[in-house]
$ cat coords04.csv   # CSV, C-alpha atoms
chain,number,residue,atom,x,y,z
A,22,MET,CA,0.0,0.0,0.0
A,23,GLU,CA,1.4,3.4,-1.1
A,24,GLU,CA,2.1,5.7,1.8
A,25,LYS,CA,0.2,9.0,1.6
A,26,GLU,CA,2.3,12.1,0.9
A,27,ILE,CA,2.1,14.6,3.8
A,28,LYS,CA,1.3,18.0,2.5
A,29,ILE,CA,1.6,21.1,4.8
A,30,CYS,CA,-0.1,24.4,4.1
A,31,SER,CA,2.2,27.0,2.7
A,32,PHE,CA,0.7,29.8,4.9
A,33,CYS,CA,-0.1,28.0,8.2
A,34,VAL,CA,0.9,24.6,9.5
A,35,MET,CA,-2.3,22.6,8.9
A,36,ASP,CA,-1.7,19.3,7.0
A,37,ASN,CA,-3.4,16.3,5.6
A,38,LYS,CA,-1.8,13.8,8.0
A,39,SER,CA,-5.1,13.2,9.9
A,40,ASP,CA,-7.6,15.3,8.1
A,41,SER,CA,-9.0,13.9,4.8
A,42,SER,CA,-11.3,17.0,4.4
A,43,ILE,CA,-8.4,19.5,4.0
A,44,THR,CA,-7.9,20.9,0.5
A,45,PHE,CA,-5.2,23.1,-1.0
A,46,ASN,CA,-5.2,25.8,-3.8
A,47,GLU,CA,-2.6,26.3,-6.5
A,48,LYS,CA,-0.4,28.2,-4.0
A,49,GLY,CA,-0.5,25.4,-1.5
A,50,GLU,CA,-2.7,27.3,0.9
A,51,CYS,CA,-5.3,25.2,2.8
A,52,ASN,CA,-9.0,25.8,3.0
A,53,TYR,CA,-8.8,26.5,6.7
A,54,CYS,CA,-6.6,29.5,6.6
A,55,LEU,CA,-8.2,30.8,3.3
A,56,ASP,CA,-11.6,30.7,5.0
A,57,THR,CA,-10.3,32.2,8.2
A,58,ARG,CA,-8.5,35.1,6.5
A,59,GLU,CA,-11.7,35.8,4.6
A,60,ARG,CA,-13.6,36.0,7.8
A,61,LYS,CA,-11.0,37.9,9.8
A,62,ASP,CA,-12.1,41.4,9.1
A,63,LYS,CA,-15.8,40.5,9.7
A,64,GLU,CA,-15.3,38.7,13.0
A,65,TYR,CA,-12.2,40.1,14.7
A,66,PHE,CA,-11.7,43.8,15.6
A,67,PRO,CA,-8.4,44.3,17.4
A,68,ASN,CA,-8.6,48.1,17.0
A,69,GLU,CA,-10.5,51.2,17.9
A,70,GLU,CA,-13.6,50.0,16.0
A,71,GLY,CA,-13.6,46.9,18.2
A,72,LYS,CA,-13.3,49.0,21.4
A,73,LYS,CA,-16.3,51.0,20.4
A,74,LYS,CA,-18.3,47.9,19.5
A,75,LEU,CA,-17.5,46.3,22.9
A,76,GLU,CA,-18.4,49.5,24.8
A,77,MET,CA,-21.8,49.5,23.0
A,78,ILE,CA,-22.4,45.9,23.9
A,79,ILE,CA,-21.4,46.5,27.6
A,80,GLN,CA,-23.8,49.5,27.6
A,81,GLU,CA,-26.6,47.3,26.2
A,82,ILE,CA,-26.0,44.6,28.8
A,83,LYS,CA,-26.0,47.1,31.7
A,84,GLU,CA,-29.1,48.9,30.4
A,85,ASN,CA,-31.1,45.7,29.9
A,86,THR,CA,-30.1,44.2,33.3
A,87,LYS,CA,-30.0,47.3,35.5
A,88,ASN,CA,-32.7,45.8,37.8
A,89,ASP,CA,-31.2,42.3,37.9
A,90,LYS,CA,-28.8,40.9,40.5
A,91,TYR,CA,-26.4,39.9,37.8
A,92,ASN,CA,-25.5,41.5,34.4
A,93,CYS,CA,-24.2,38.3,33.0
A,94,LEU,CA,-22.9,34.7,33.5
A,95,VAL,CA,-19.3,33.6,32.9
A,96,GLY,CA,-18.2,30.0,32.7
A,97,ILE,CA,-14.6,29.6,33.9
A,98,SER,CA,-12.1,26.7,33.6
A,99,GLY,CA,-9.0,28.3,34.9
A,100,GLY,CA,-7.7,28.6,31.4
A,101,VAL,CA,-6.5,31.8,29.7
A,102,ASP,CA,-9.6,32.6,27.6
A,103,SER,CA,-12.3,32.3,30.2
A,104,SER,CA,-10.0,34.0,32.8
A,105,TYR,CA,-9.5,37.0,30.6
A,106,VAL,CA,-13.2,37.3,29.9
A,107,LEU,CA,-13.7,37.5,33.7
A,108,TYR,CA,-11.0,40.1,34.0
A,109,LEU,CA,-12.6,42.1,31.1
A,110,GLY,CA,-16.0,42.0,32.9
A,111,TYR,CA,-14.3,43.3,36.0
A,112,LYS,CA,-12.7,46.2,34.1
A,113,TYR,CA,-16.1,47.1,32.7
A,114,SER,CA,-17.7,46.9,36.2
A,115,LEU,CA,-20.1,44.1,35.3
A,116,ARG,CA,-22.0,42.2,38.0
A,117,MET,CA,-21.0,38.7,37.1
A,118,LEU,CA,-22.0,35.2,38.3
A,119,VAL,CA,-19.1,32.9,37.7
A,120,VAL,CA,-19.7,29.1,37.1
A,121,HIS,CA,-17.1,26.4,37.2
A,122,ILE,CA,-17.6,22.7,36.4
A,123,ASP,CA,-15.4,20.9,38.9
A,124,ASP,CA,-14.9,17.4,37.5
A,125,ASP,CA,-12.0,16.6,39.9
A,126,LEU,CA,-9.5,16.7,37.1
A,127,ASP,CA,-8.4,20.3,37.3
A,128,THR,CA,-4.7,20.9,37.6
A,129,ASP,CA,-3.5,22.6,40.8
A,130,VAL,CA,-2.5,25.6,38.8
A,131,ALA,CA,-6.1,25.9,37.4
A,132,LYS,CA,-7.6,25.7,40.9
A,133,GLU,CA,-5.3,28.4,42.1
A,134,ASN,CA,-6.0,30.6,39.1
A,135,ILE,CA,-9.8,30.4,39.7
A,136,GLU,CA,-9.4,31.2,43.3
A,137,LYS,CA,-7.1,34.2,42.7
A,138,LEU,CA,-9.3,35.6,39.9
A,139,CYS,CA,-12.6,35.4,41.7
A,140,LYS,CA,-11.0,37.0,44.8
A,141,ALA,CA,-9.4,39.8,42.9
A,142,ALA,CA,-12.6,40.5,40.9
A,143,ASN,CA,-14.8,40.1,43.9
A,144,VAL,CA,-17.4,37.9,42.1
A,145,ASP,CA,-19.8,35.2,43.2
A,146,LEU,CA,-18.6,31.7,42.2
A,147,ILE,CA,-20.7,28.6,41.8
A,148,SER,CA,-18.8,25.3,41.5
A,149,ILE,CA,-20.7,22.4,40.2
A,150,ARG,CA,-19.5,18.8,40.7
A,151,PRO,CA,-21.1,16.3,38.3
A,152,ASP,CA,-21.7,12.9,39.9
A,153,LYS,CA,-18.2,11.4,39.8
A,154,GLU,CA,-19.1,7.8,39.1
A,155,GLU,CA,-21.6,8.6,36.3
A,156,TYR,CA,-19.2,11.2,34.8
A,157,ALA,CA,-16.2,8.9,34.8
A,158,ASP,CA,-18.3,6.1,33.3
A,159,ILE,CA,-19.5,8.4,30.4
A,160,ILE,CA,-15.9,9.4,29.5
A,161,LEU,CA,-14.7,5.8,29.9
A,162,SER,CA,-17.4,4.7,27.5
A,163,PHE,CA,-15.9,7.1,24.8
A,164,LEU,CA,-12.5,5.7,25.5
A,165,LYS,CA,-13.8,2.1,25.1
A,166,ALA,CA,-15.6,3.1,21.8
A,167,GLY,CA,-12.2,4.4,20.5
A,168,LEU,CA,-13.5,7.9,19.8
A,169,PRO,CA,-11.3,11.0,19.5
A,170,ASN,CA,-13.2,13.6,21.5
A,171,LEU,CA,-13.1,12.4,25.1
A,172,ALA,CA,-13.9,15.9,26.3
A,173,MET,CA,-17.2,16.0,24.5
A,174,PRO,CA,-19.2,15.0,27.6
A,175,GLN,CA,-17.3,17.6,29.6
A,176,ASP,CA,-18.3,20.4,27.2
A,177,ASN,CA,-21.9,19.2,27.0
A,178,ILE,CA,-22.5,19.1,30.7
A,179,LEU,CA,-21.0,22.6,31.1
A,180,HIS,CA,-23.5,24.0,28.5
A,181,LYS,CA,-26.4,22.3,30.2
A,182,GLU,CA,-25.4,23.6,33.7
A,183,LEU,CA,-24.9,27.1,32.4
A,184,PHE,CA,-28.4,27.1,31.0
A,185,LYS,CA,-29.9,25.8,34.3
A,186,ILE,CA,-28.2,28.6,36.2
A,187,GLN,CA,-29.1,31.3,33.7
A,188,LYS,CA,-32.7,30.1,34.0
A,189,LYS,CA,-32.6,30.0,37.8
A,190,TYR,CA,-31.2,33.5,38.2
A,191,ASN,CA,-32.9,34.9,35.1
A,192,ILE,CA,-29.6,35.9,33.5
A,193,LYS,CA,-30.0,37.2,30.0
A,194,TYR,CA,-26.4,37.4,28.9
A,195,SER,CA,-23.5,34.9,28.8
A,196,LEU,CA,-19.9,36.0,28.2
A,197,SER,CA,-17.9,33.3,26.3
A,198,GLY,CA,-14.2,32.9,26.0
A,199,ALA,CA,-14.5,31.5,22.5
A,200,ASN,CA,-12.4,33.8,20.2
A,201,PHE,CA,-11.0,34.3,16.8
A,202,SER,CA,-7.5,35.2,17.7
A,203,LEU,CA,-6.5,31.8,19.2
A,204,GLU,CA,-9.3,29.5,17.9
A,205,SER,CA,-10.1,30.6,14.3
A,206,ILE,CA,-8.8,27.4,12.9
A,207,LEU,CA,-10.2,24.1,14.2
A,208,GLU,CA,-9.6,20.8,12.3
A,209,ARG,CA,-13.0,19.5,11.3
A,210,GLY,CA,-12.4,16.0,10.1
A,211,ASP,CA,-15.1,13.8,11.7
A,212,PHE,CA,-16.5,16.8,13.6
A,213,VAL,CA,-19.5,16.2,15.8
A,214,ASN,CA,-21.0,19.0,17.8
A,215,SER,CA,-20.3,18.7,21.6
A,216,ASN,CA,-23.9,19.6,22.3
A,217,ASP,CA,-25.0,16.4,20.7
A,218,GLY,CA,-26.5,14.7,23.8
A,219,TYR,CA,-28.1,12.1,21.7
A,220,HIS,CA,-24.7,10.8,20.5
A,221,ILE,CA,-23.3,10.8,24.1
A,222,LYS,CA,-26.3,8.8,25.3
A,223,LYS,CA,-25.9,6.2,22.5
A,224,ILE,CA,-22.2,5.7,23.2
A,225,HIS,CA,-22.8,5.4,26.9
A,226,LYS,CA,-25.7,3.0,26.4
A,227,GLU,CA,-23.4,0.7,24.4
A,228,PHE,CA,-20.2,1.0,26.3
A,229,GLY,CA,-21.1,2.3,29.8
A,230,LYS,CA,-21.9,0.3,32.9
A,231,ILE,CA,-23.5,2.8,35.3
A,232,PRO,CA,-27.0,4.2,34.4
A,233,MET,CA,-27.1,7.9,33.7
A,234,LYS,CA,-29.6,9.1,36.3
A,235,LYS,CA,-28.0,12.2,37.9
A,236,ILE,CA,-26.2,13.8,35.0
A,237,GLU,CA,-28.2,15.9,32.5
A,238,LEU,CA,-27.2,16.6,28.9
A,239,THR,CA,-28.1,19.3,26.4
A,240,SER,CA,-28.8,19.0,22.7
A,241,ILE,CA,-27.8,20.8,19.5
A,242,PHE,CA,-31.4,21.9,19.0
A,243,ARG,CA,-31.7,23.3,22.5
A,244,GLU,CA,-28.4,25.2,22.4
A,245,TYR,CA,-28.8,26.8,18.9
A,246,ILE,CA,-32.6,27.1,18.5
A,247,ILE,CA,-34.5,27.0,21.9
A,248,ASN,CA,-32.0,29.0,23.9
A,249,LYS,CA,-31.3,31.6,21.3
A,250,PHE,CA,-34.8,32.2,19.8
A,251,PHE,CA,-37.2,31.1,22.6
A,252,ASN,CA,-35.2,31.6,25.9
A,253,ASN,CA,-33.6,34.8,24.5
A,254,ILE,CA,-30.2,34.0,25.8
A,255,LYS,CA,-27.5,36.1,24.2
A,256,VAL,CA,-23.9,34.8,24.1
A,257,ILE,CA,-21.3,37.5,23.8
A,258,ARG,CA,-17.7,36.9,22.7
A,259,PRO,CA,-15.9,40.0,24.0
A,260,LEU,CA,-12.4,38.7,23.1
A,261,ASN,CA,-13.2,39.3,19.4
A,262,TYR,CA,-13.4,43.1,20.1
A,263,ILE,CA,-10.0,43.6,21.6
A,264,ASP,CA,-6.4,43.0,20.5
A,265,TYR,CA,-6.3,39.5,22.1
A,266,ASN,CA,-2.6,38.7,22.2
A,267,LEU,CA,-1.6,35.7,24.3
A,268,LYS,CA,1.7,37.1,25.6
A,269,ASN,CA,0.1,40.4,26.6
A,270,VAL,CA,-2.9,38.8,28.2
A,271,LEU,CA,-0.8,36.5,30.4
A,272,GLU,CA,1.2,39.5,31.6
A,273,GLU,CA,-2.0,41.4,32.4
A,274,LEU,CA,-3.6,38.5,34.3
A,275,LYS,CA,-0.4,37.9,36.3
A,276,GLU,CA,-0.3,41.6,37.3
A,277,PHE,CA,-4.0,41.5,38.2
A,278,CYS,CA,-4.0,38.5,40.4
A,279,GLY,CA,-0.8,36.5,40.2
A,280,TYR,CA,-2.2,34.3,37.4
A,281,GLN,CA,0.1,31.4,36.4
A,282,TYR,CA,0.3,29.9,32.9
A,283,TYR,CA,-0.1,26.1,32.6
A,284,GLY,CA,1.9,25.4,29.5
A,285,GLY,CA,-0.5,25.1,26.5
A,286,LYS,CA,-4.0,25.3,25.1
A,287,HIS,CA,-6.4,23.3,27.3
A,288,TYR,CA,-3.6,22.1,29.5
A,289,GLU,CA,-5.5,23.4,32.6
A,290,ASN,CA,-7.3,20.1,33.0
A,291,VAL,CA,-5.7,16.6,33.3
A,292,LEU,CA,-8.1,15.0,30.9
A,293,THR,CA,-7.9,17.7,28.1
A,294,ARG,CA,-4.1,17.8,28.6
A,295,PHE,CA,-3.8,14.1,28.2
A,296,LEU,CA,-6.2,14.2,25.2
A,297,GLN,CA,-4.2,16.8,23.3
A,298,CYS,CA,-0.7,15.8,24.3
A,299,TYR,CA,-0.9,12.0,24.0
A,300,TYR,CA,-4.2,10.4,23.2
A,301,LEU,CA,-5.0,12.2,19.9
A,302,PRO,CA,-1.5,12.2,18.5
A,303,LYS,CA,-0.9,8.5,19.3
A,304,LYS,CA,-4.3,7.1,18.4
A,305,PHE,CA,-5.4,9.5,15.6
A,306,ASN,CA,-2.2,11.2,14.3
A,307,LYS,CA,-3.9,14.4,15.4
A,308,ASP,CA,-1.8,17.2,16.9
A,309,LYS,CA,-4.1,19.9,18.1
A,310,ARG,CA,-1.2,22.4,18.3
A,311,LYS,CA,-1.4,22.7,14.6
A,312,SER,CA,-4.8,24.3,14.8
A,313,HIS,CA,-3.8,26.5,17.7
A,314,PHE,CA,-0.5,27.7,16.1
A,315,SER,CA,-2.3,28.2,12.7
A,316,SER,CA,-4.8,30.4,14.4
A,317,MET,CA,-2.0,32.4,15.9
A,318,ILE,CA,-0.3,32.7,12.5
A,319,VAL,CA,-3.5,34.2,11.0
A,320,SER,CA,-3.8,36.6,13.9
A,321,GLY,CA,-0.2,37.7,13.6
A,322,GLN,CA,1.1,36.3,16.9
A,323,MET,CA,3.4,33.6,15.5
A,324,THR,CA,5.3,33.1,12.3
A,325,ARG,CA,5.0,29.8,10.3
A,326,GLU,CA,8.6,29.1,11.0
A,327,GLU,CA,8.2,29.5,14.7
A,328,ALA,CA,5.2,27.2,14.6
A,329,LEU,CA,7.1,24.5,12.7
A,330,GLU,CA,9.9,24.6,15.2
A,331,LYS,CA,7.5,24.4,18.2
A,332,LEU,CA,5.8,21.4,16.6
A,333,LYS,CA,9.1,19.5,16.8
A,334,GLU,CA,8.9,19.7,20.6
A,335,ASP,CA,7.2,17.1,22.7
A,336,SER,CA,3.6,18.1,23.7
A,337,TYR,CA,4.2,17.0,27.3
A,338,ILE,CA,6.6,19.3,29.1
A,339,ASN,CA,8.2,16.3,30.7
A,340,GLN,CA,7.7,12.6,31.3
A,341,GLU,CA,6.9,13.1,35.0
A,342,ILE,CA,3.7,15.0,34.1
A,343,PHE,CA,2.8,12.3,31.5
A,344,LYS,CA,3.2,9.5,34.1
A,345,SER,CA,1.3,11.5,36.7
A,346,ASP,CA,-1.6,12.1,34.2
A,347,ILE,CA,-1.8,8.4,33.4
A,348,GLU,CA,-1.8,7.5,37.1
A,349,ILE,CA,-4.5,10.1,37.9
A,350,LEU,CA,-6.8,9.1,35.0
A,351,SER,CA,-6.4,5.4,35.7
A,352,LYS,CA,-7.5,5.9,39.3
A,353,TYR,CA,-10.3,8.2,38.1
A,354,PHE,CA,-11.7,5.5,35.7
A,355,LYS,CA,-11.0,2.7,38.3
A,356,ILE,CA,-8.9,0.8,35.8
A,357,THR,CA,-5.2,0.0,35.7
A,358,SER,CA,-2.6,2.0,33.8
A,359,GLN,CA,-2.1,-1.0,31.6
A,360,GLU,CA,-5.8,-1.1,30.8
A,361,LEU,CA,-5.8,2.6,29.9
A,362,MET,CA,-2.9,2.1,27.6
A,363,GLU,CA,-4.6,-0.9,26.0
A,364,TYR,CA,-7.7,1.3,25.2
A,365,ILE,CA,-5.3,3.8,23.6
A,366,LYS,CA,-3.7,1.1,21.4
A,367,SER,CA,-7.1,-0.5,20.4
A,368,GLU,CA,-8.7,0.3,17.0
A,369,ALA,CA,-9.6,3.9,16.4
A,370,HIS,CA,-13.1,4.8,15.4
A,371,GLN,CA,-14.8,8.0,14.3
A,372,HIS,CA,-17.9,9.6,15.9
A,373,ARG,CA,-20.0,9.2,12.7
A,374,GLU,CA,-19.5,5.4,12.9
A,375,TYR,CA,-22.1,5.6,15.7
A,376,LYS,CA,-25.5,7.2,15.9
A,377,ILE,CA,-25.4,11.0,15.9
A,378,SER,CA,-28.1,13.7,15.9
A,379,TYR,CA,-29.4,14.8,12.5
A,380,PHE,CA,-28.5,18.4,13.4
A,381,ASN,CA,-24.8,17.5,12.9
A,382,TYR,CA,-25.4,17.1,9.2
A,383,LEU,CA,-26.5,20.7,9.1
A,384,GLY,CA,-23.0,21.8,10.1
A,385,ASN,CA,-22.1,23.2,6.8
A,386,ILE,CA,-25.2,25.4,6.8
A,387,ALA,CA,-24.5,26.4,10.3
A,388,ARG,CA,-20.9,27.5,9.4
A,389,LYS,CA,-22.3,29.5,6.5
A,390,TYR,CA,-24.8,31.4,8.7
A,391,ARG,CA,-22.7,31.3,11.9
A,392,LYS,CA,-23.2,35.0,12.7
A,393,PHE,CA,-27.0,34.3,13.1
A,394,LEU,CA,-26.4,31.2,15.3
A,395,GLU,CA,-23.8,32.7,17.7
$ encode --input "coords04.csv" --output "structure tokens"
Amino acid sequence: MEEKEIKICSFCVMDNKSDSSITFNEKGECNYCLDTRERKDKEYFPNEEGKKKLEMIIQEIKENTKNDKYNCLVGISGGVDSSYVLYLGYKYSLRMLVVHIDDDLDTDVAKENIEKLCKAANVDLISIRPDKEEYADIILSFLKAGLPNLAMPQDNILHKELFKIQKKYNIKYSLSGANFSLESILERGDFVNSNDGYHIKKIHKEFGKIPMKKIELTSIFREYIINKFFNNIKVIRPLNYIDYNLKNVLEELKEFCGYQYYGGKHYENVLTRFLQCYYLPKKFNKDKRKSHFSSMIVSGQMTREEALEKLKEDSYINQEIFKSDIEILSKYFKITSQELMEYIKSEAHQHREYKISYFNYLGNIARKYRKFLE
């Protein structure tokens, strides 16, 4: 069998190693960065125009919630993006209710960051702990199924809990850390929306052992249709209206509350760090750093040459952290380290090999009309 030729984009660092959907033009530029560069001026405003737009949004939030206890809701992980959103809200004197999903897999640095931020910003914090046995069993079922996105249940539960809290406190606005600057390019491949609770339930029913009685999931329909058009929940992405530069942001957060960086995109949680540093590269030939670095190339924070050099480095900072993550996750799933490694070595599968919600097939339409769905 002839080995596939690996082709790397001439502008960013996306390649066809693990993504069969990627295409290249005559200049060798990929569809990801071409699409992103076309969208850039419509979605990202790191200038005076962005500042004015953000100030108008903040003014609208304050005016429409002047009689409410809270102006908005902020979900926080301890990572840079959500942390800076909280800091921005503080700078604009917003009354924020902060929510954190504590799955017992946060790194110590993330825990300290959340504590420091909330104390410095003087905000109310709600920590939600999903039922540990059910939660671990759901994620383990994804591991047994050989699927790439082990963090899908984590994201889904977060969205469900945020909605419940918004409803309880009648909060009309949610500030999101999703942003163009660091996340404009995301490898699609076998993409399945994390809000697909139907898919999660099907995987868990086939591979799980513990009945899902306490954990609630959301759905694509609820998140994009019900919540937006019927519950009138507005999701704001403030980071798209500022010059969101990672280096500068880290310095600001450190000065504000002693914030510490944790080493890489989504490395604030043991599961997501393991997923990105080891599981995806080993099992699926997927290096998520390519998406992250490519986004930074488009937003002018990194050169292509710098990105290619960084990709030569090991994802894990050192082997001690890798061994520690394996030990923590094995204990969390109540399996041995050897069993965990066997699951990683087992046959890889894609999400669409299993039952998924029909709304996933509308993904191309959703991307085309994203501004109406966000």
$ residues_near_point --input "coords04.csv" --point "(-28.2, 6.7, 15.2)" --cutoff "9 Å" --atoms "only C-alpha atoms" --output "ChimeraX atom specification"
/A:219-220,223,373,375-379
$ residues_around --input "coords04.csv" --residues "Lys132 of chain A" --least-positions-apart "4" --cutoff "9 Å" --atoms "all atoms listed in the file" --output "list in words"
Ser98, Gly99, Asp127, Thr128, Glu136, Lys137 and Glu289 of chain A
$ closest_residue --input "coords04.csv" --among "A:Ser42, A:Asn37, A:Asn253, A:Asn92" --to "Ser114 of chain A" --atoms "only C-alpha atoms"
A:Asn92
$ atom_distance --input "coords04.csv" --atom1 "atom CA of Lys222 of chain A" --atom2 "atom CA of Ile365 of chain A"
21.7 Å
$ closest_residue --input "coords04.csv" --among "A:Tyr65, A:Glu47, A:Glu326, A:Phe354" --to "Leu292 of chain A" --atoms "only C-alpha atoms"
A:Phe354
$ closest_residue --input "coords04.csv" --among "A:Tyr245, A:Tyr156, A:Tyr105, A:Tyr265" --to "Leu196 of chain A" --atoms "only C-alpha atoms"
A:Tyr105
$ residues_around --input "coords04.csv" --residues "Ser351 of chain A" --least-positions-apart "6" --cutoff "7 Å" --atoms "all atoms listed in the file" --output "PDB file with C-alpha atoms, in the frame of the given file"
ATOM      1  CA  THR A 357      -5.200   0.000  35.700  1.00  0.00           C
ATOM      2  CA  SER A 358      -2.600   2.000  33.800  1.00  0.00           C
ATOM      3  CA  LEU A 361      -5.800   2.600  29.900  1.00  0.00           C
TER       4      LEU A 361
END
$ residues_around --input "coords04.csv" --residues "Asn46 of chain A" --least-positions-apart "6" --cutoff "12 Å" --atoms "only C-alpha atoms" --output "number ranges by chain"
A: 28-32, 52-56
$ atom_distance --input "coords04.csv" --atom1 "atom CA of Asp145 of chain A" --atom2 "atom CA of Asn216 of chain A"
26.4 Å
$ residues_around --input "coords04.csv" --residues "Leu126 of chain A" --least-positions-apart "2" --cutoff "6 Å" --atoms "all atoms listed in the file" --output "list of chain:residue names"
A:Asp124, A:Asn290, A:Val291
$ closest_residue --input "coords04.csv" --among "A:Asp62, A:Glu341, A:Asp158, A:Glu330" --to "Gly229 of chain A" --atoms "only C-alpha atoms"
A:Asp158
$ residues_around --input "coords04.csv" --residues "Leu164 of chain A" --least-positions-apart "4" --cutoff "8 Å" --atoms "all atoms listed in the file" --output "list in words"
Ile160, Leu168, Leu171, Tyr364 and Ile365 of chain A
$ closest_residue --input "coords04.csv" --among "A:Leu179, A:Ile135, A:Leu203, A:Ala166" --to "Ala369 of chain A" --atoms "only C-alpha atoms"
A:Ala166
$ closest_residue --input "coords04.csv" --among "A:Lys286, A:Lys226, A:Lys268, A:Lys366" --to "Met323 of chain A" --atoms "all atoms listed in the file"
A:Lys268
$ atom_distance --input "coords04.csv" --atom1 "atom CA of Glu348 of chain A" --atom2 "atom CA of Ile231 of chain A"
22.3 Å
$ build_atoms --input "coords04.csv" --residues "segment 319-330 of chain A" --atoms "N, CA and C atoms" --output "mmCIF file, in the coordinates of the input"
data_model
loop_
_atom_site.group_PDB
_atom_site.id
_atom_site.type_symbol
_atom_site.label_atom_id
_atom_site.label_comp_id
_atom_site.auth_asym_id
_atom_site.auth_seq_id
_atom_site.Cartn_x
_atom_site.Cartn_y
_atom_site.Cartn_z
ATOM 1 N N VAL A 319 -2.500 33.324 11.697
ATOM 2 C CA VAL A 319 -3.500 34.200 11.000
ATOM 3 C C VAL A 319 -3.670 35.494 11.800
ATOM 4 N N SER A 320 -3.650 35.426 13.142
ATOM 5 C CA SER A 320 -3.800 36.600 13.900
ATOM 6 C C SER A 320 -2.548 37.414 14.181
ATOM 7 N N GLY A 321 -1.445 36.938 13.570
ATOM 8 C CA GLY A 321 -0.200 37.700 13.600
ATOM 9 C C GLY A 321 0.613 37.542 14.899
ATOM 10 N N GLN A 322 0.361 36.480 15.676
ATOM 11 C CA GLN A 322 1.100 36.300 16.900
ATOM 12 C C GLN A 322 2.235 35.320 16.840
ATOM 13 N N MET A 323 2.338 34.649 15.709
ATOM 14 C CA MET A 323 3.400 33.600 15.500
ATOM 15 C C MET A 323 3.689 33.532 14.039
ATOM 16 N N THR A 324 4.939 33.283 13.705
ATOM 17 C CA THR A 324 5.300 33.100 12.300
ATOM 18 C C THR A 324 5.163 31.571 11.994
ATOM 19 N N ARG A 325 5.065 31.255 10.730
ATOM 20 C CA ARG A 325 5.000 29.800 10.300
ATOM 21 C C ARG A 325 6.235 29.092 10.735
ATOM 22 N N GLU A 326 7.369 29.750 10.618
ATOM 23 C CA GLU A 326 8.600 29.100 11.000
ATOM 24 C C GLU A 326 8.697 28.808 12.476
ATOM 25 N N GLU A 327 8.221 29.744 13.290
ATOM 26 C CA GLU A 327 8.200 29.500 14.700
ATOM 27 C C GLU A 327 7.266 28.335 15.073
ATOM 28 N N ALA A 328 6.135 28.268 14.391
ATOM 29 C CA ALA A 328 5.200 27.200 14.600
ATOM 30 C C ALA A 328 5.784 25.826 14.266
ATOM 31 N N LEU A 329 6.464 25.751 13.130
ATOM 32 C CA LEU A 329 7.100 24.500 12.700
ATOM 33 C C LEU A 329 8.148 24.035 13.684
ATOM 34 N N GLU A 330 8.894 24.980 14.244
ATOM 35 C CA GLU A 330 9.900 24.600 15.200
ATOM 36 C C GLU A 330 9.264 24.127 16.531
#
